[in-house]
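**Q** Below is the file protein.cif, which contains mmCIF, C-alpha atoms.
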data_upload
loop_
_atom_site.label_atom_id
_atom_site.label_comp_id
_atom_site.auth_asym_id
_atom_site.auth_seq_id
_atom_site.Cartn_x
_atom_site.Cartn_y
_atom_site.Cartn_z
CA MET R 1 -35.73 29.55 -2.45
CA GLU R 2 -37.74 27.90 -5.21
CA GLN R 3 -36.63 24.47 -4.03
CA LEU R 4 -37.86 25.18 -0.51
CA LEU R 5 -41.34 26.35 -1.57
CA PRO R 6 -42.98 23.07 -0.47
CA ARG R 7 -41.86 23.76 3.09
CA PHE R 8 -43.40 27.22 3.05
CA ARG R 9 -46.57 25.84 1.48
CA ALA R 10 -46.81 23.30 4.28
CA ALA R 11 -46.61 26.23 6.71
CA HIS R 12 -49.51 27.96 4.86
CA THR R 13 -47.09 30.66 3.74
CA GLN R 14 -47.14 32.45 0.40
CA VAL R 15 -43.70 33.67 -0.64
CA LEU R 16 -43.50 36.98 -2.54
CA GLY R 17 -40.30 38.57 -3.87
CA ILE R 18 -40.27 42.33 -4.32
CA SER R 19 -37.84 44.86 -5.78
CA VAL R 20 -37.94 48.05 -7.85
CA ASP R 21 -37.23 46.19 -11.10
CA SER R 22 -39.79 45.91 -13.91
CA ILE R 23 -41.77 42.74 -14.61
CA PHE R 24 -39.68 42.19 -17.78
CA CYS R 25 -36.46 42.34 -15.85
CA HIS R 26 -37.97 40.00 -13.23
CA ALA R 27 -39.05 37.47 -15.87
CA ASN R 28 -35.60 37.32 -17.47
CA TRP R 29 -33.78 37.12 -14.15
CA ALA R 30 -36.15 34.43 -12.87
CA GLN R 31 -35.52 32.33 -15.97
CA SER R 32 -31.76 32.74 -15.58
CA LEU R 33 -32.07 31.22 -12.11
CA GLY R 34 -33.72 28.09 -13.48
CA GLY R 35 -37.28 29.39 -13.17
CA ILE R 36 -39.15 31.12 -10.36
CA SER R 37 -42.86 30.37 -10.00
CA PHE R 38 -43.67 32.40 -6.90
CA PRO R 39 -44.55 36.04 -7.63
CA LEU R 40 -41.74 38.54 -8.15
CA LEU R 41 -43.47 41.86 -7.65
CA ALA R 42 -42.48 45.01 -9.50
CA ASP R 43 -42.41 47.92 -7.02
CA PHE R 44 -41.58 49.92 -10.10
CA HIS R 45 -44.04 52.75 -10.48
CA PRO R 46 -44.00 54.86 -8.41
CA LYS R 47 -40.59 53.43 -7.69
CA GLY R 48 -40.22 51.80 -4.29
CA SER R 49 -43.57 52.97 -2.94
CA VAL R 50 -44.42 49.66 -1.26
CA ALA R 51 -40.89 49.29 0.14
CA ASN R 52 -41.25 52.83 1.44
CA SER R 53 -44.48 51.97 3.25
CA TYR R 54 -42.56 49.18 5.05
CA GLY R 55 -39.68 51.53 5.84
CA LEU R 56 -37.35 49.55 3.56
CA TYR R 57 -36.66 51.88 0.64
CA LEU R 58 -33.12 53.26 0.53
CA ASP R 59 -33.68 56.67 -0.96
CA ASP R 60 -30.03 57.59 -1.53
CA GLU R 61 -29.34 54.50 -3.60
CA GLY R 62 -32.74 54.10 -5.23
CA ILE R 63 -32.98 50.47 -4.15
CA THR R 64 -34.72 48.33 -1.55
CA ASP R 65 -33.03 46.92 1.53
CA ARG R 66 -32.57 43.14 1.64
CA ALA R 67 -35.16 42.45 4.27
CA THR R 68 -37.78 39.90 5.21
CA VAL R 69 -41.25 40.62 6.56
CA ILE R 70 -43.58 37.80 7.62
CA ILE R 71 -47.26 38.68 7.92
CA ASP R 72 -49.77 36.29 9.44
CA ALA R 73 -53.08 35.45 7.76
CA GLY R 74 -54.75 38.11 9.90
CA GLY R 75 -52.50 40.82 8.46
CA THR R 76 -50.29 41.36 11.50
CA VAL R 77 -46.51 41.61 11.08
CA ARG R 78 -44.90 38.72 12.99
CA HIS R 79 -41.31 39.14 11.84
CA ALA R 80 -39.24 41.90 10.24
CA SER R 81 -35.49 41.76 9.72
CA SER R 82 -32.82 43.16 7.43
CA VAL R 83 -29.53 41.56 6.38
CA THR R 84 -28.46 44.82 4.59
CA PRO R 85 -28.31 44.98 0.77
CA ALA R 86 -24.96 43.17 0.63
CA GLY R 87 -25.96 40.45 3.09
CA ARG R 88 -27.50 37.02 2.54
CA ARG R 89 -30.70 35.64 3.94
CA ASN R 90 -30.79 32.40 5.86
CA ILE R 91 -33.72 30.69 4.14
CA GLU R 92 -33.56 27.66 6.41
CA GLU R 93 -33.99 29.88 9.45
CA LEU R 94 -36.89 31.68 7.80
CA ALA R 95 -38.58 28.35 7.04
CA GLU R 96 -38.38 27.44 10.72
CA LEU R 97 -39.74 30.84 11.66
CA CYS R 98 -42.70 30.36 9.31
CA ASP R 99 -43.32 26.94 10.87
CA SER R 100 -43.55 28.43 14.33
CA ILE R 101 -45.70 31.37 13.20
CA ASP R 102 -48.01 28.86 11.52
CA THR R 103 -48.18 26.76 14.66
CA GLU R 104 -49.16 29.81 16.68
CA HIS R 105 -51.40 31.68 14.22
CA GLY R 106 -52.32 29.22 11.46
CA ALA R 107 -55.19 27.23 12.95
CA GLY R 108 -57.83 26.33 10.37
CA LEU R 109 -56.06 27.74 7.30
CA PRO R 110 -56.81 25.86 4.06
CA ASP R 111 -54.06 23.87 2.35
CA PHE R 112 -52.57 25.19 -0.89
CA PRO R 113 -54.53 23.86 -3.88
CA VAL R 114 -52.78 21.38 -6.15
CA PRO R 115 -52.28 22.83 -9.65
CA GLU R 116 -54.25 21.06 -12.37
CA GLY R 117 -51.33 20.56 -14.70
CA ILE R 118 -51.39 21.31 -18.35
CA GLY R 119 -53.22 18.28 -19.68
CA LYS R 120 -53.09 17.28 -23.33
CA VAL R 121 -51.00 19.75 -25.25
CA HIS R 122 -49.40 19.77 -28.64
CA ALA R 123 -46.72 22.42 -28.30
CA LEU R 124 -45.71 26.01 -27.88
CA PHE R 125 -44.70 27.43 -31.27
CA VAL R 126 -42.37 30.42 -31.17
CA LYS R 127 -40.33 32.63 -33.49
CA SER R 128 -36.75 33.81 -33.02
CA ASN R 129 -36.18 37.46 -32.07
CA CYS R 130 -39.81 38.01 -31.16
CA GLY R 131 -40.68 39.72 -27.88
CA PHE R 132 -44.07 38.03 -27.67
CA SER R 133 -42.52 34.61 -28.24
CA ARG R 134 -39.91 35.37 -25.61
CA LYS R 135 -42.58 36.31 -23.11
CA ALA R 136 -44.35 32.97 -23.62
CA MET R 137 -41.03 31.07 -23.41
CA LEU R 138 -40.05 32.80 -20.16
CA ALA R 139 -43.41 31.89 -18.61
CA ARG R 140 -42.96 28.26 -19.71
CA GLU R 141 -39.58 28.09 -17.97
CA ASN R 142 -40.55 30.06 -14.87
CA LEU R 143 -43.46 27.67 -14.38
CA HIS R 144 -41.19 24.63 -14.93
CA LEU R 145 -43.25 23.36 -17.86
CA GLN R 146 -40.33 22.36 -20.11
CA ASN R 147 -41.09 18.64 -19.85
CA GLU R 148 -44.84 18.91 -20.26
CA LEU R 149 -44.81 21.50 -23.00
CA PRO R 150 -42.52 20.96 -26.02
CA LEU R 151 -41.14 24.07 -27.68
CA LYS R 152 -41.05 24.39 -31.47
CA ASN R 153 -39.19 27.22 -33.15
CA VAL R 154 -40.73 27.96 -36.52
CA THR R 155 -37.86 30.25 -37.55
CA GLU R 156 -35.25 27.54 -37.17
CA ASP R 157 -37.26 24.46 -38.03
CA PRO R 158 -39.23 24.29 -41.34
CA LYS R 159 -41.05 21.17 -40.11
CA ALA R 160 -42.27 23.11 -37.06
CA ARG R 161 -43.61 25.84 -39.37
CA GLU R 162 -45.49 23.23 -41.42
CA ASP R 163 -46.97 21.79 -38.24
CA LEU R 164 -48.00 25.23 -37.03
CA VAL R 165 -49.80 26.09 -40.26
CA ARG R 166 -51.46 22.67 -40.44
CA LEU R 167 -52.63 22.72 -36.80
CA SER R 168 -53.60 26.37 -36.35
CA GLY R 169 -54.43 27.32 -39.92
CA LYS R 170 -52.07 30.30 -39.73
CA ASP R 171 -48.38 31.08 -39.89
CA GLN R 172 -48.48 33.06 -36.66
CA ALA R 173 -46.32 32.60 -33.57
CA PRO R 174 -46.28 32.51 -30.60
CA CYS R 175 -49.05 29.96 -30.66
CA LEU R 176 -49.99 27.53 -27.93
CA MET R 177 -51.81 24.50 -29.31
CA ILE R 178 -54.06 22.92 -26.69
CA GLU R 179 -56.00 19.84 -27.72
CA GLY R 180 -56.39 21.17 -31.25
CA ASN R 181 -57.21 24.74 -30.24
CA PRO R 182 -54.73 27.55 -30.87
CA ILE R 183 -54.08 30.40 -28.43
CA GLN R 184 -52.24 33.08 -30.38
CA GLU R 185 -51.94 36.05 -28.06
CA SER R 186 -48.93 36.05 -25.72
CA ASP R 187 -50.83 37.51 -22.73
CA GLU R 188 -53.47 34.83 -23.12
CA ILE R 189 -50.84 32.12 -23.45
CA VAL R 190 -49.18 33.26 -20.21
CA ARG R 191 -52.56 33.40 -18.44
CA TYR R 192 -53.39 29.87 -19.59
CA LEU R 193 -50.04 28.48 -18.43
CA VAL R 194 -50.27 30.25 -15.06
CA ASN R 195 -53.74 28.82 -14.43
CA CYS R 196 -52.52 25.31 -15.14
CA ALA R 197 -49.31 25.44 -13.22
CA THR R 198 -49.49 27.57 -10.07
CA ASP R 199 -51.19 27.30 -6.72
CA LEU R 200 -51.62 31.04 -6.18
CA GLY R 201 -55.03 31.58 -4.61
CA MET T 1 -38.43 49.25 9.27
CA ILE T 2 -41.94 48.19 10.16
CA SER T 3 -42.31 46.71 13.65
CA VAL T 4 -43.60 43.35 14.78
CA GLY T 5 -47.21 43.63 15.95
CA GLN T 6 -48.15 46.36 13.45
CA GLN T 7 -50.81 45.86 10.80
CA ALA T 8 -49.05 45.25 7.47
CA PRO T 9 -49.47 48.05 4.89
CA GLY T 10 -51.53 46.87 1.93
CA LEU T 11 -49.95 46.24 -1.43
CA GLU T 12 -51.10 45.50 -4.95
CA LEU T 13 -48.45 45.03 -7.63
CA PRO T 14 -47.91 43.23 -10.95
CA ASP T 15 -45.60 40.21 -11.04
CA HIS T 16 -43.32 38.59 -13.62
CA LEU T 17 -46.09 36.24 -14.78
CA ASP T 18 -48.56 39.07 -15.46
CA ARG T 19 -50.55 38.51 -12.30
CA ILE T 20 -51.81 41.34 -10.11
CA VAL T 21 -50.96 40.26 -6.59
CA SER T 22 -52.36 41.88 -3.46
CA LEU T 23 -52.07 41.15 0.25
CA ASP T 24 -55.86 41.15 0.48
CA GLN T 25 -56.16 38.04 -1.66
CA PHE T 26 -54.36 36.03 1.03
CA ALA T 27 -56.24 37.48 4.02
CA GLY T 28 -57.56 34.71 6.23
CA LYS T 29 -56.02 32.06 3.95
CA ARG T 30 -52.24 32.24 4.06
CA HIS T 31 -49.42 33.91 5.87
CA VAL T 32 -47.19 35.94 3.57
CA MET T 33 -43.42 36.17 3.55
CA LEU T 34 -42.18 39.27 1.73
CA LEU T 35 -38.63 39.01 0.44
CA PHE T 36 -37.45 42.53 -0.25
CA TYR T 37 -34.22 42.69 -2.26
CA PRO T 38 -32.18 45.48 -3.86
CA LEU T 39 -32.10 44.49 -7.53
CA ASP T 40 -32.57 41.59 -9.91
CA PHE T 41 -29.40 39.75 -10.86
CA THR T 42 -28.17 39.88 -7.26
CA PRO T 43 -28.53 36.98 -4.78
CA THR T 44 -31.93 36.69 -3.09
#
Starting from the file, lay out its structure as structure tokens.
**A**
Amino acid sequence: MEQLLPRFRAAHTQVLGISVDSIFCHANWAQSLGGISFPLLADFHPKGSVANSYGLYLDDEGITDRATVIIDAGGTVRHASSVTPAGRRNIEELAELCDSIDTEHGAGLPDFPVPEGIGKVHALFVKSNCGFSRKAMLARENLHLQNELPLKNVTEDPKAREDLVRLSGKDQAPCLMIEGNPIQESDEIVRYLVNCATDLG
Amino acid sequence: MISVGQQAPGLELPDHLDRIVSLDQFAGKRHVMLLFYPLDFTPT
């Protein structure tokens, strides 16, 4: 799916994944797949309430059906189909469907913005066995920033710890060093990376 | 399951990158493809 995002973007289509899992579960799963940058939504509390409003929550099992709903920019449902929980979606077919929906209903829609990129960065400093560090690392991978943003583990690498203290003035990780300025709060780090790297409107 | 031609029910949920995502934010700008799936760590 992630590889085909450019095709959906070209068809003015925002892809959103949705299940009853939590955002933490989503972030770990997304990273295990090689990184997912489009939103994985947590229909977690109250469990399955959005799926329920689309008639796609399977009450007996406590899960969501494997189903696809395409909504045009005016908010009207143009496609709804299920492949059952055990089935597999045909992404290629869905891409073609989005093309034709866009041809019919997409006149005058703006193109997706191009992300700014991360610019001049020193590094992301992290600690081992630290939930906040892990959160920042997962965001880095889900946003495919591994090449642009070097990772330095201050637990494993004494040189990295020296660098961290010299650059930020503190022995505190996670820390994102941007052009000489430290960001030391994991939520803020994630927000900064998201703003640089995604085209979500 | 919801039917073609109906108005899509609104939604506003958090995502795995700490964003709050709603259908409203795409109104008039983008179509939206919702991929419902049973559970993480299963195929999409």
**Q** Considering only C-alpha atoms, state which residue in the set R:Leu94, R:Val114, R:Ala42, R:Val83 is at the smallest distance from chain T.
**A** R:Ala42
**Q** Around the point (-52.0, 42.4, -4.1) in the file's coordinates, collect all residues with an atom within 12 Å, using only C-alpha atoms, and return them as a ChimeraX atom specification.
**A** /R:14,16,18,39-43,50,200-201 /T:9-15,19-27,32,34
**Q** Just say which residues the PyMOL selection byres ((chain R and resi 79) around 6) picks in this file, as a PyMOL selection string.
**A** (chain R and resi 69-70+77-78+80) or (chain T and resi 4)
**Q** Mind writing the picked residues with C-alpha atoms as an mmCIF file, in the coordinates of the input?
**A**
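Generated output (again.cif):
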data_model
loop_
_atom_site.group_PDB
_atom_site.id
_atom_site.type_symbol
_atom_site.label_atom_id
_atom_site.label_comp_id
_atom_site.auth_asym_id
_atom_site.auth_seq_id
_atom_site.Cartn_x
_atom_site.Cartn_y
_atom_site.Cartn_z
ATOM 1 C CA VAL R 69 -41.250 40.620 6.560
ATOM 2 C CA ILE R 70 -43.580 37.800 7.620
ATOM 3 C CA VAL R 77 -46.510 41.610 11.080
ATOM 4 C CA ARG R 78 -44.900 38.720 12.990
ATOM 5 C CA ALA R 80 -39.240 41.900 10.240
ATOM 6 C CA VAL T 4 -43.600 43.350 14.780
#
**Q** Pick out the chain R residues within 8 Å of chain T. Count only C-alpha atoms. Give them as a PyMOL selection string.
**A** chain R and resi 12-21+23-27+29+39-43+50-51+53-56+63-80+85+88-89+102+106+109-110+139+187+190-191+194+201
**Q** Write out as a list in words each polymer residue whose atoms come within 7 Å of range 31-35 of chain R, counting all atoms listed in the file; drop sequence neighbours fewer than 4 positions from it.
**A** Ala27, Leu138, Glu141, Asn142, Leu143 and His144 of chain R
**Q** Would you save the residues of that selection, restricted to C-alpha atoms, as a CSV table (one decimal), keeping the file's coordinate frame?
**A**
chain,number,residue,atom,x,y,z
R,27,ALA,CA,-39.0,37.5,-15.9
R,138,LEU,CA,-40.0,32.8,-20.2
R,141,GLU,CA,-39.6,28.1,-18.0
R,142,ASN,CA,-40.6,30.1,-14.9
R,143,LEU,CA,-43.5,27.7,-14.4
R,144,HIS,CA,-41.2,24.6,-14.9
**Q** Find the spatial neighbours of Gly117 in chain R, counting all atoms listed in the file, within a cut-off of 6 Å - ignore same-chain residues fewer than 2 positions away - and output them as a PyMOL selection string.
**A** chain R and resi 115+119+196-197
**Q** Could you state which residues are captured by the PyMOL selection byres ((chain R and resi 174) around 10) in this file, as a ChimeraX atom specification?
**A** /R:124-128,130-137,152-154,164,171-173,175-177,182-186,189
**Q** Which distance in Å separates CA of Leu193 in chain R and CA of Asp157 in chain R, to one decimal?
**A**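 The value is 23.7 Å.
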**Q** Could you tell me how far CA of Tyr192 in chain R lies from CA of Ala11 in chain R, in Å and to one decimal?
**A**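 So the answer is 27.4 Å.
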**Q** Work out how far CA of Leu149 in chain R is from CA of Leu5 in chain R, in Å to one decimal.
**A** 22.2 Å
**Q** Is it possible to get the axis-aligned box enclosing range 159-177 of chain R (all listed atoms, 8 Å extra per side) as AutoDock Vina command-line options, with centre and edge lengths in Å rounded to one decimal?
**A**
--center_x -47.7 --center_y 27.1 --center_z -34.7 --size_x 29.4 --size_y 27.9 --size_z 29.5
**Q** Just save range 9-21 of chain T with N, CA and C atoms, as a PDB file, in the first residue's frame.
**A**
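Written file, selection_8.pdb:
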ATOM      1  N   PRO T   9     -20.534   8.956   7.267  1.00  0.00           N
ATOM      2  CA  PRO T   9     -20.534   9.388   8.674  1.00  0.00           C
ATOM      3  C   PRO T   9     -19.208  10.073   9.008  1.00  0.00           C
ATOM      4  N   GLY T  10     -19.262  11.116   9.799  1.00  0.00           N
ATOM      5  CA  GLY T  10     -18.047  11.832  10.176  1.00  0.00           C
ATOM      6  C   GLY T  10     -17.147  10.980  11.053  1.00  0.00           C
ATOM      7  N   LEU T  11     -15.887  11.315  11.095  1.00  0.00           N
ATOM      8  CA  LEU T  11     -14.991  10.627  12.024  1.00  0.00           C
ATOM      9  C   LEU T  11     -13.878  11.566  12.441  1.00  0.00           C
ATOM     10  N   GLU T  12     -13.397  11.367  13.649  1.00  0.00           N
ATOM     11  CA  GLU T  12     -12.254  12.122  14.147  1.00  0.00           C
ATOM     12  C   GLU T  12     -11.514  11.214  15.117  1.00  0.00           C
ATOM     13  N   LEU T  13     -10.316  10.779  14.721  1.00  0.00           N
ATOM     14  CA  LEU T  13      -9.579   9.793  15.518  1.00  0.00           C
ATOM     15  C   LEU T  13      -8.088  10.128  15.537  1.00  0.00           C
ATOM     16  N   PRO T  14      -7.387   9.658  16.592  1.00  0.00           N
ATOM     17  CA  PRO T  14      -5.933   9.824  16.622  1.00  0.00           C
ATOM     18  C   PRO T  14      -5.247   8.782  15.738  1.00  0.00           C
ATOM     19  N   ASP T  15      -4.067   9.135  15.213  1.00  0.00           N
ATOM     20  CA  ASP T  15      -3.333   8.156  14.398  1.00  0.00           C
ATOM     21  C   ASP T  15      -1.976   7.836  15.027  1.00  0.00           C
ATOM     22  N   HIS T  16      -1.233   6.945  14.370  1.00  0.00           N
ATOM     23  CA  HIS T  16       0.005   6.415  14.939  1.00  0.00           C
ATOM     24  C   HIS T  16       1.140   7.425  14.943  1.00  0.00           C
ATOM     25  N   LEU T  17       0.926   8.599  14.355  1.00  0.00           N
ATOM     26  CA  LEU T  17       1.935   9.650  14.402  1.00  0.00           C
ATOM     27  C   LEU T  17       1.410  10.850  15.200  1.00  0.00           C
ATOM     28  N   ASP T  18       0.482  10.549  16.126  1.00  0.00           N
ATOM     29  CA  ASP T  18      -0.022  11.569  17.059  1.00  0.00           C
ATOM     30  C   ASP T  18      -0.831  12.675  16.401  1.00  0.00           C
ATOM     31  N   ARG T  19      -1.344  12.397  15.211  1.00  0.00           N
ATOM     32  CA  ARG T  19      -2.186  13.414  14.578  1.00  0.00           C
ATOM     33  C   ARG T  19      -3.644  13.128  14.931  1.00  0.00           C
ATOM     34  N   ILE T  20      -4.458  14.166  14.991  1.00  0.00           N
ATOM     35  CA  ILE T  20      -5.904  13.959  15.060  1.00  0.00           C
ATOM     36  C   ILE T  20      -6.410  14.149  13.643  1.00  0.00           C
ATOM     37  N   VAL T  21      -7.021  13.085  13.113  1.00  0.00           N
ATOM     38  CA  VAL T  21      -7.434  13.111  11.709  1.00  0.00           C
ATOM     39  C   VAL T  21      -8.955  13.069  11.644  1.00  0.00           C
TER      40      VAL T  21
END
